[in-house]
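Right, one structure below, let's go through it.
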Amino acid sequence: MPRKILVTNALPYANGDIHLGHLVGYIQADIWVRYQRMRGHSVHYVCADDTHGTPVMLRAEKEGLTPEQLIERVHGEHLRDFTAFGVAFDNYHSTHSPENRDYAADIYGKLQAAGLIDTREIEQYYDPVKEMFLPDRFIKGECPKCGAADQYGDNCEACGAAYAPTELRNPYSAVSGAKPVLRTSTHYFFRLSDDRAIAFLRRWTRGTNAQGARRLQMEAANKMKEWLGEEGENKLSDWDISRDAPYFGFEIPGAPGKYFYVWLDAPIGYLASFRNLADKRGDIVVEDYTDGARAAAAGTEMVHFIGKDILYFHALFWPAMLEFAGYATPSQLCVNGFLTVDGAKMSKSRGTFITAHSYIAQKLNPEWLRYYFAGKSNGTMEDVDLNLDDMIAKVNSDLVGKFVNIASRCAGFIGKRFDGRLGETDLQACADFAAAWADGSIATAYDERDYGRALREIMRLADLANQYVNDHKPWELAKQEGQEARLHTVCSTALNMFRDLARFLKPVLPALAAQVESFLSIPALDWQGDWAALPAGHAIQPYSHLMTRVERKQIDALLEANRESLAPAAPAADAKTASSQQRHAEQQQHAAQAAETASPHISIDDFTKVDLRIARIVAAEHVDGADKLIRLQLDIGETDEAGEPKPRQVFAGIKSAYDPATLVGRHTVMVANLAPRKMKFGLSEGMVLAASDAEGKSAGLYILSPDAGATPGMRVK
């Protein structure tokens, strides 16, 4: 049955550029939407700028603009960047809109009527220099749970804990740097700790949608269980949904000088953008998607694509708000991981904090990146690594060397020898393509957002097509007398294979697929139309090259452009109130700090989780292209099936302190149960322990060594 789906993407904050980290989630969503439409399903795809909050207010003030002027400019920039990468929203709106104001007031009023809104006098931090109450994310300090430094006032990005800003240790204002003072203020709370909310969230986070798929990926559901606690526990705190003036946002009805916290009205922006689209079109019944009872009767779906750092808001606050206001709750959350570049966090100093606009300005093909991101996407919350050399190799091999190569090798013969008309098709040779469509393996992979699996199968078919061309050698047939008919059939068969590959690739490469449709003079490719071979006599257009190779110099120019153009890291006051991927670079730094500044006490159970083993260094060598790494082979007593020693490979950042030749034969200590990490240089299967000074300077770096008599594999207890 045709599905009726409202698809949304996380709202980018109107306080910064779209960068490649953002694009991971948007490209994943766009691919899914395009695939669903090719299947004949009805999909409305909307997004909006998240515009409210103190950061926008302060940035506008700094630039001499009104907040409205700033968000209008940024809206145009964001939409420009999304469009350039083929992310085709049906509507791209703003949370600073009358539709959003109306929905926010309605939901708030219904929650209030349900007895789920409280007012309380709270002590709140006030900046005596800026003369304003500080929103949670403009107070920074040490996490009260793990001790990590420079954490925001509402949750810790190192350990994930949520807390009140007054719980921070050594707080300071992220606006002025001043030590904040406590003042009393009346605030409004959503009673998320209410037994009704807890019971609903336990059901909802563990549930499935109408298609039988989990509402949340397994990793996300497990995180929800951790936050909610076991049956009988109530680990959730009530949610402060108000902020004091001055604040850029919507004033709370009946509460002068009080404004909705940005995270209350931001997800409501999904509904507002959809309403705005419906008003433009006139043929969409919004309530069939947004009203709880009507959506259930109509069988509609609401699917959100978000980054994993905003899971807490989307899987707890948002569905509870909707449920108790009588609105339809999300059918599914599709949660993506962060982006790293060459195995490390995006870095402005290295030039790998790459903006979407700079990529386009350097005239790089956006579908190169779409293809690469798709190949790294598996439907889970795993991070995606953009290895630039790997991207060059993958695009050149798969798209140019395999896919486009089929048409470039055969189309010329059709144009020159057969007046641009196809001949008969060898259906037996195309059997694998028909089977791939019939068994639904590629379709299932797309539906489950495991695009990497889909592309691997598509490239297997591309290999078969190229093998067919290699086996029949049309360039040789063209030179032989009496082989005209066979030449015609071989080239026509190859071009039919090429068409079917284009169909399979279309959700990922819509612009390239449109070029193929034009070249072959065929209607728009879909997943339900005629899969029969193009008939003999079908006329095609003259072939022109469809895609160029990626050159390393283009990537180098992109990196250099970002290294030169990006300013130093923005001050905390310019950070997004609760952005998704834009804070990923900070998150990795905070995680490292948390490890060094953690609570002084752990339990014996915590310690025994770490499997420390004596290791003998059997080989050590420099790693080409790495400034800090030495490749170690470590014997920890493991053997293969034949009983031979099976050392582990570990990359250690000790190059500046040690000559590899001096390490061989030494014993050290390694973490043996650390999850393997795939790096650009190979797989790292553990970690060696080293001591350093507080700043990690190489002069104070020392790998640990056990006392004499310790042997490989011994457990450190």
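Chain labels follow the order of the structure tokens: the first chain is A, the next B, and so on; residue numbering restarts at 1 in every chain, and ligands are counted from 1 in their shown order.
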
>> Taking the DSSP secondary structure from the backbone, can you list the residues of range 274-390 of chain A that are strand (DSSP E), as a PyMOL selection string?
In response: chain A and resi 300-307+332-336+339-341+384-386

>> Could you list, as an NGL selection string, every residue within 9 Å of Cys143 in chain A, counting only C-alpha atoms and ignoring same-chain residues fewer than 4 positions away?
In response: :A and (147-153 or 155-156 or 158-159 or 161 or 163 or 167-169 or 594)

>> Would you pick out the contacts of Asp635 in chain A at 10 Å or less, using only C-alpha atoms, so that residues sharing its chain but fewer than 6 positions from it are not included, and give the list as a ChimeraX atom specification?
In response: /A:613-619,645-649,667,711-713

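A straight line drawn from CA of Asp309 in chain A to CA of Asn100 in chain A is 23.4 Å long.
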
> Could you name the residues that touch range 204-214 of chain A at 9 Å or less, counting only C-alpha atoms, but leaving out those on the same chain fewer than 6 positions away, as a VMD selection string?
Replying inline: chain A and resid 220 to 221 224 to 225 299 301 315 to 316 319 329 to 333 448

Could you please take those selected residues and save N, CA and C atoms as a PDB file, in the first residue's frame?
ATOM      1  N   ALA A 220      19.936   3.869  20.182  1.00  0.00           N
ATOM      2  CA  ALA A 220      19.158   4.967  20.752  1.00  0.00           C
ATOM      3  C   ALA A 220      18.210   4.461  21.831  1.00  0.00           C
ATOM      4  N   ALA A 221      17.565   3.311  21.580  1.00  0.00           N
ATOM      5  CA  ALA A 221      16.648   2.748  22.573  1.00  0.00           C
ATOM      6  C   ALA A 221      17.389   2.404  23.861  1.00  0.00           C
ATOM      7  N   MET A 224      17.935   5.538  25.766  1.00  0.00           N
ATOM      8  CA  MET A 224      16.708   5.967  26.435  1.00  0.00           C
ATOM      9  C   MET A 224      16.482   5.166  27.719  1.00  0.00           C
ATOM     10  N   LYS A 225      16.756   3.874  27.661  1.00  0.00           N
ATOM     11  CA  LYS A 225      16.591   3.044  28.851  1.00  0.00           C
ATOM     12  C   LYS A 225      17.512   3.522  29.964  1.00  0.00           C
ATOM     13  N   GLY A 299      -3.367   6.519   8.801  1.00  0.00           N
ATOM     14  CA  GLY A 299      -2.180   5.717   8.543  1.00  0.00           C
ATOM     15  C   GLY A 299      -0.983   6.519   8.076  1.00  0.00           C
ATOM     16  N   GLU A 301       2.587   8.808   8.572  1.00  0.00           N
ATOM     17  CA  GLU A 301       3.820   8.646   9.343  1.00  0.00           C
ATOM     18  C   GLU A 301       4.526   9.990   9.465  1.00  0.00           C
ATOM     19  N   ALA A 315      13.710  12.367  21.698  1.00  0.00           N
ATOM     20  CA  ALA A 315      13.160  11.088  22.139  1.00  0.00           C
ATOM     21  C   ALA A 315      12.521  11.160  23.520  1.00  0.00           C
ATOM     22  N   LEU A 316      12.653  12.288  24.189  1.00  0.00           N
ATOM     23  CA  LEU A 316      12.027  12.451  25.505  1.00  0.00           C
ATOM     24  C   LEU A 316      11.065  13.638  25.512  1.00  0.00           C
ATOM     25  N   PRO A 319       8.354  13.864  22.019  1.00  0.00           N
ATOM     26  CA  PRO A 319       7.184  12.983  21.959  1.00  0.00           C
ATOM     27  C   PRO A 319       6.241  13.164  23.150  1.00  0.00           C
ATOM     28  N   THR A 329       2.550  11.503  17.555  1.00  0.00           N
ATOM     29  CA  THR A 329       3.963  11.370  17.929  1.00  0.00           C
ATOM     30  C   THR A 329       4.755  10.816  16.748  1.00  0.00           C
ATOM     31  N   PRO A 330       6.070  11.027  16.724  1.00  0.00           N
ATOM     32  CA  PRO A 330       6.874  10.553  15.590  1.00  0.00           C
ATOM     33  C   PRO A 330       6.776   9.042  15.396  1.00  0.00           C
ATOM     34  N   SER A 331       6.717   8.626  14.145  1.00  0.00           N
ATOM     35  CA  SER A 331       6.703   7.199  13.827  1.00  0.00           C
ATOM     36  C   SER A 331       8.088   6.601  13.976  1.00  0.00           C
ATOM     37  N   GLN A 332       9.111   7.418  13.696  1.00  0.00           N
ATOM     38  CA  GLN A 332      10.474   6.885  13.707  1.00  0.00           C
ATOM     39  C   GLN A 332      11.471   8.031  13.814  1.00  0.00           C
ATOM     40  N   LEU A 333      12.544   7.794  14.577  1.00  0.00           N
ATOM     41  CA  LEU A 333      13.693   8.691  14.599  1.00  0.00           C
ATOM     42  C   LEU A 333      14.845   7.983  13.902  1.00  0.00           C
ATOM     43  N   GLU A 448      16.040   0.552   4.795  1.00  0.00           N
ATOM     44  CA  GLU A 448      16.634   0.488   6.129  1.00  0.00           C
ATOM     45  C   GLU A 448      17.761   1.499   6.311  1.00  0.00           C
TER      46      GLU A 448
END

> Contacts of Arg456 in chain A at 12 Å or less, counting only C-alpha atoms, minus same-chain residues fewer than 3 places along, as a PyMOL selection string?
Replying inline: chain A and resi 371-372+374-378+394+398+441-442+445-446+450-453+459-463+504-505

Grab the residues selected above and save them as a compact mmCIF listing (two decimals), in the first residue's frame with N, CA and C atoms.
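Ended up saving to out22.txt:
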# COMPACT_ATOMS: atom_id res chain seq x y z
N TYR A 371 27.77 10.47 -2.89
CA TYR A 371 28.07 9.06 -3.08
C TYR A 371 28.96 8.54 -1.94
N TYR A 372 29.94 9.33 -1.57
CA TYR A 372 30.87 8.88 -0.53
C TYR A 372 30.16 8.76 0.82
N ALA A 374 26.99 8.28 1.31
CA ALA A 374 26.06 7.15 1.23
C ALA A 374 26.79 5.84 1.45
N GLY A 375 27.96 5.70 0.86
CA GLY A 375 28.73 4.47 1.03
C GLY A 375 29.18 4.23 2.45
N LYS A 376 29.26 5.29 3.27
CA LYS A 376 29.68 5.17 4.66
C LYS A 376 28.48 5.09 5.63
N SER A 377 27.27 5.10 5.09
CA SER A 377 26.06 5.12 5.93
C SER A 377 25.47 3.72 6.02
N ASN A 378 25.21 3.27 7.25
CA ASN A 378 24.70 1.91 7.42
C ASN A 378 23.43 1.85 8.26
N LYS A 394 37.46 6.16 -4.31
CA LYS A 394 36.14 5.54 -4.42
C LYS A 394 35.35 6.12 -5.57
N ASP A 398 34.51 3.76 -8.66
CA ASP A 398 33.12 3.32 -8.80
C ASP A 398 32.34 4.10 -9.84
N SER A 441 16.74 -6.86 -2.62
CA SER A 441 17.85 -6.65 -1.68
C SER A 441 18.29 -5.19 -1.66
N ILE A 442 18.37 -4.58 -2.84
CA ILE A 442 18.77 -3.17 -2.89
C ILE A 442 17.68 -2.29 -2.30
N ALA A 445 17.76 -2.47 1.47
CA ALA A 445 18.88 -1.70 2.02
C ALA A 445 18.57 -0.21 2.03
N TYR A 446 17.97 0.29 0.96
CA TYR A 446 17.58 1.70 0.93
C TYR A 446 16.55 1.99 2.01
N ASP A 450 20.55 1.57 4.98
CA ASP A 450 21.87 0.96 4.90
C ASP A 450 22.38 1.18 3.48
N TYR A 451 22.69 2.43 3.19
CA TYR A 451 23.05 2.78 1.81
C TYR A 451 24.37 2.14 1.38
N GLY A 452 25.26 1.94 2.33
CA GLY A 452 26.52 1.28 2.00
C GLY A 452 26.28 -0.11 1.43
N ARG A 453 25.34 -0.85 2.04
CA ARG A 453 25.01 -2.18 1.54
C ARG A 453 24.40 -2.11 0.15
N MET A 459 27.42 -1.83 -7.16
CA MET A 459 28.75 -1.91 -7.79
C MET A 459 29.10 -3.34 -8.21
N ARG A 460 28.54 -4.33 -7.53
CA ARG A 460 28.72 -5.72 -7.99
C ARG A 460 28.08 -5.88 -9.37
N LEU A 461 26.92 -5.29 -9.54
CA LEU A 461 26.26 -5.35 -10.85
C LEU A 461 27.05 -4.56 -11.89
N ALA A 462 27.63 -3.44 -11.47
CA ALA A 462 28.46 -2.66 -12.40
C ALA A 462 29.66 -3.48 -12.86
N ASP A 463 30.23 -4.25 -11.94
CA ASP A 463 31.34 -5.12 -12.31
C ASP A 463 30.89 -6.14 -13.35
N PHE A 504 19.07 2.30 -10.03
CA PHE A 504 19.45 1.93 -8.67
C PHE A 504 20.19 3.07 -7.96
N LEU A 505 20.96 3.85 -8.71
CA LEU A 505 21.77 4.92 -8.11
C LEU A 505 21.02 6.24 -7.97

7 Å contact set for range 337-340 of chain A, only C-alpha atoms, chain neighbours under 3 positions out, as a PDB file with C-alpha atoms, in the first residue's frame:
ATOM      1  CA  GLY A  21      29.294  17.638   9.169  1.00  0.00           C
ATOM      2  CA  GLY A 307      22.027  13.944  14.759  1.00  0.00           C
ATOM      3  CA  LYS A 308      22.772  11.823  17.803  1.00  0.00           C
ATOM      4  CA  GLY A 343      39.982   9.954  11.329  1.00  0.00           C
ATOM      5  CA  ALA A 344      40.083  13.125  13.423  1.00  0.00           C
ATOM      6  CA  LYS A 345      37.732  15.871  14.493  1.00  0.00           C
ATOM      7  CA  MET A 346      37.160  18.659  12.015  1.00  0.00           C
ATOM      8  CA  MET A 381      24.437   5.951  14.869  1.00  0.00           C
ATOM      9  CA  GLU A 382      28.058   5.264  13.927  1.00  0.00           C
ATOM     10  CA  ASP A 383      30.203   8.260  13.046  1.00  0.00           C
ATOM     11  CA  VAL A 384      31.094   8.798   9.398  1.00  0.00           C
ATOM     12  CA  ASP A 385      34.722   9.397   8.506  1.00  0.00           C
ATOM     13  CA  LEU A 386      35.554  11.463   5.451  1.00  0.00           C
ATOM     14  CA  GLN A 581      26.912  18.336  14.439  1.00  0.00           C
ATOM     15  CA  HIS A 584      31.270  17.810  17.357  1.00  0.00           C
TER      16      HIS A 584
END
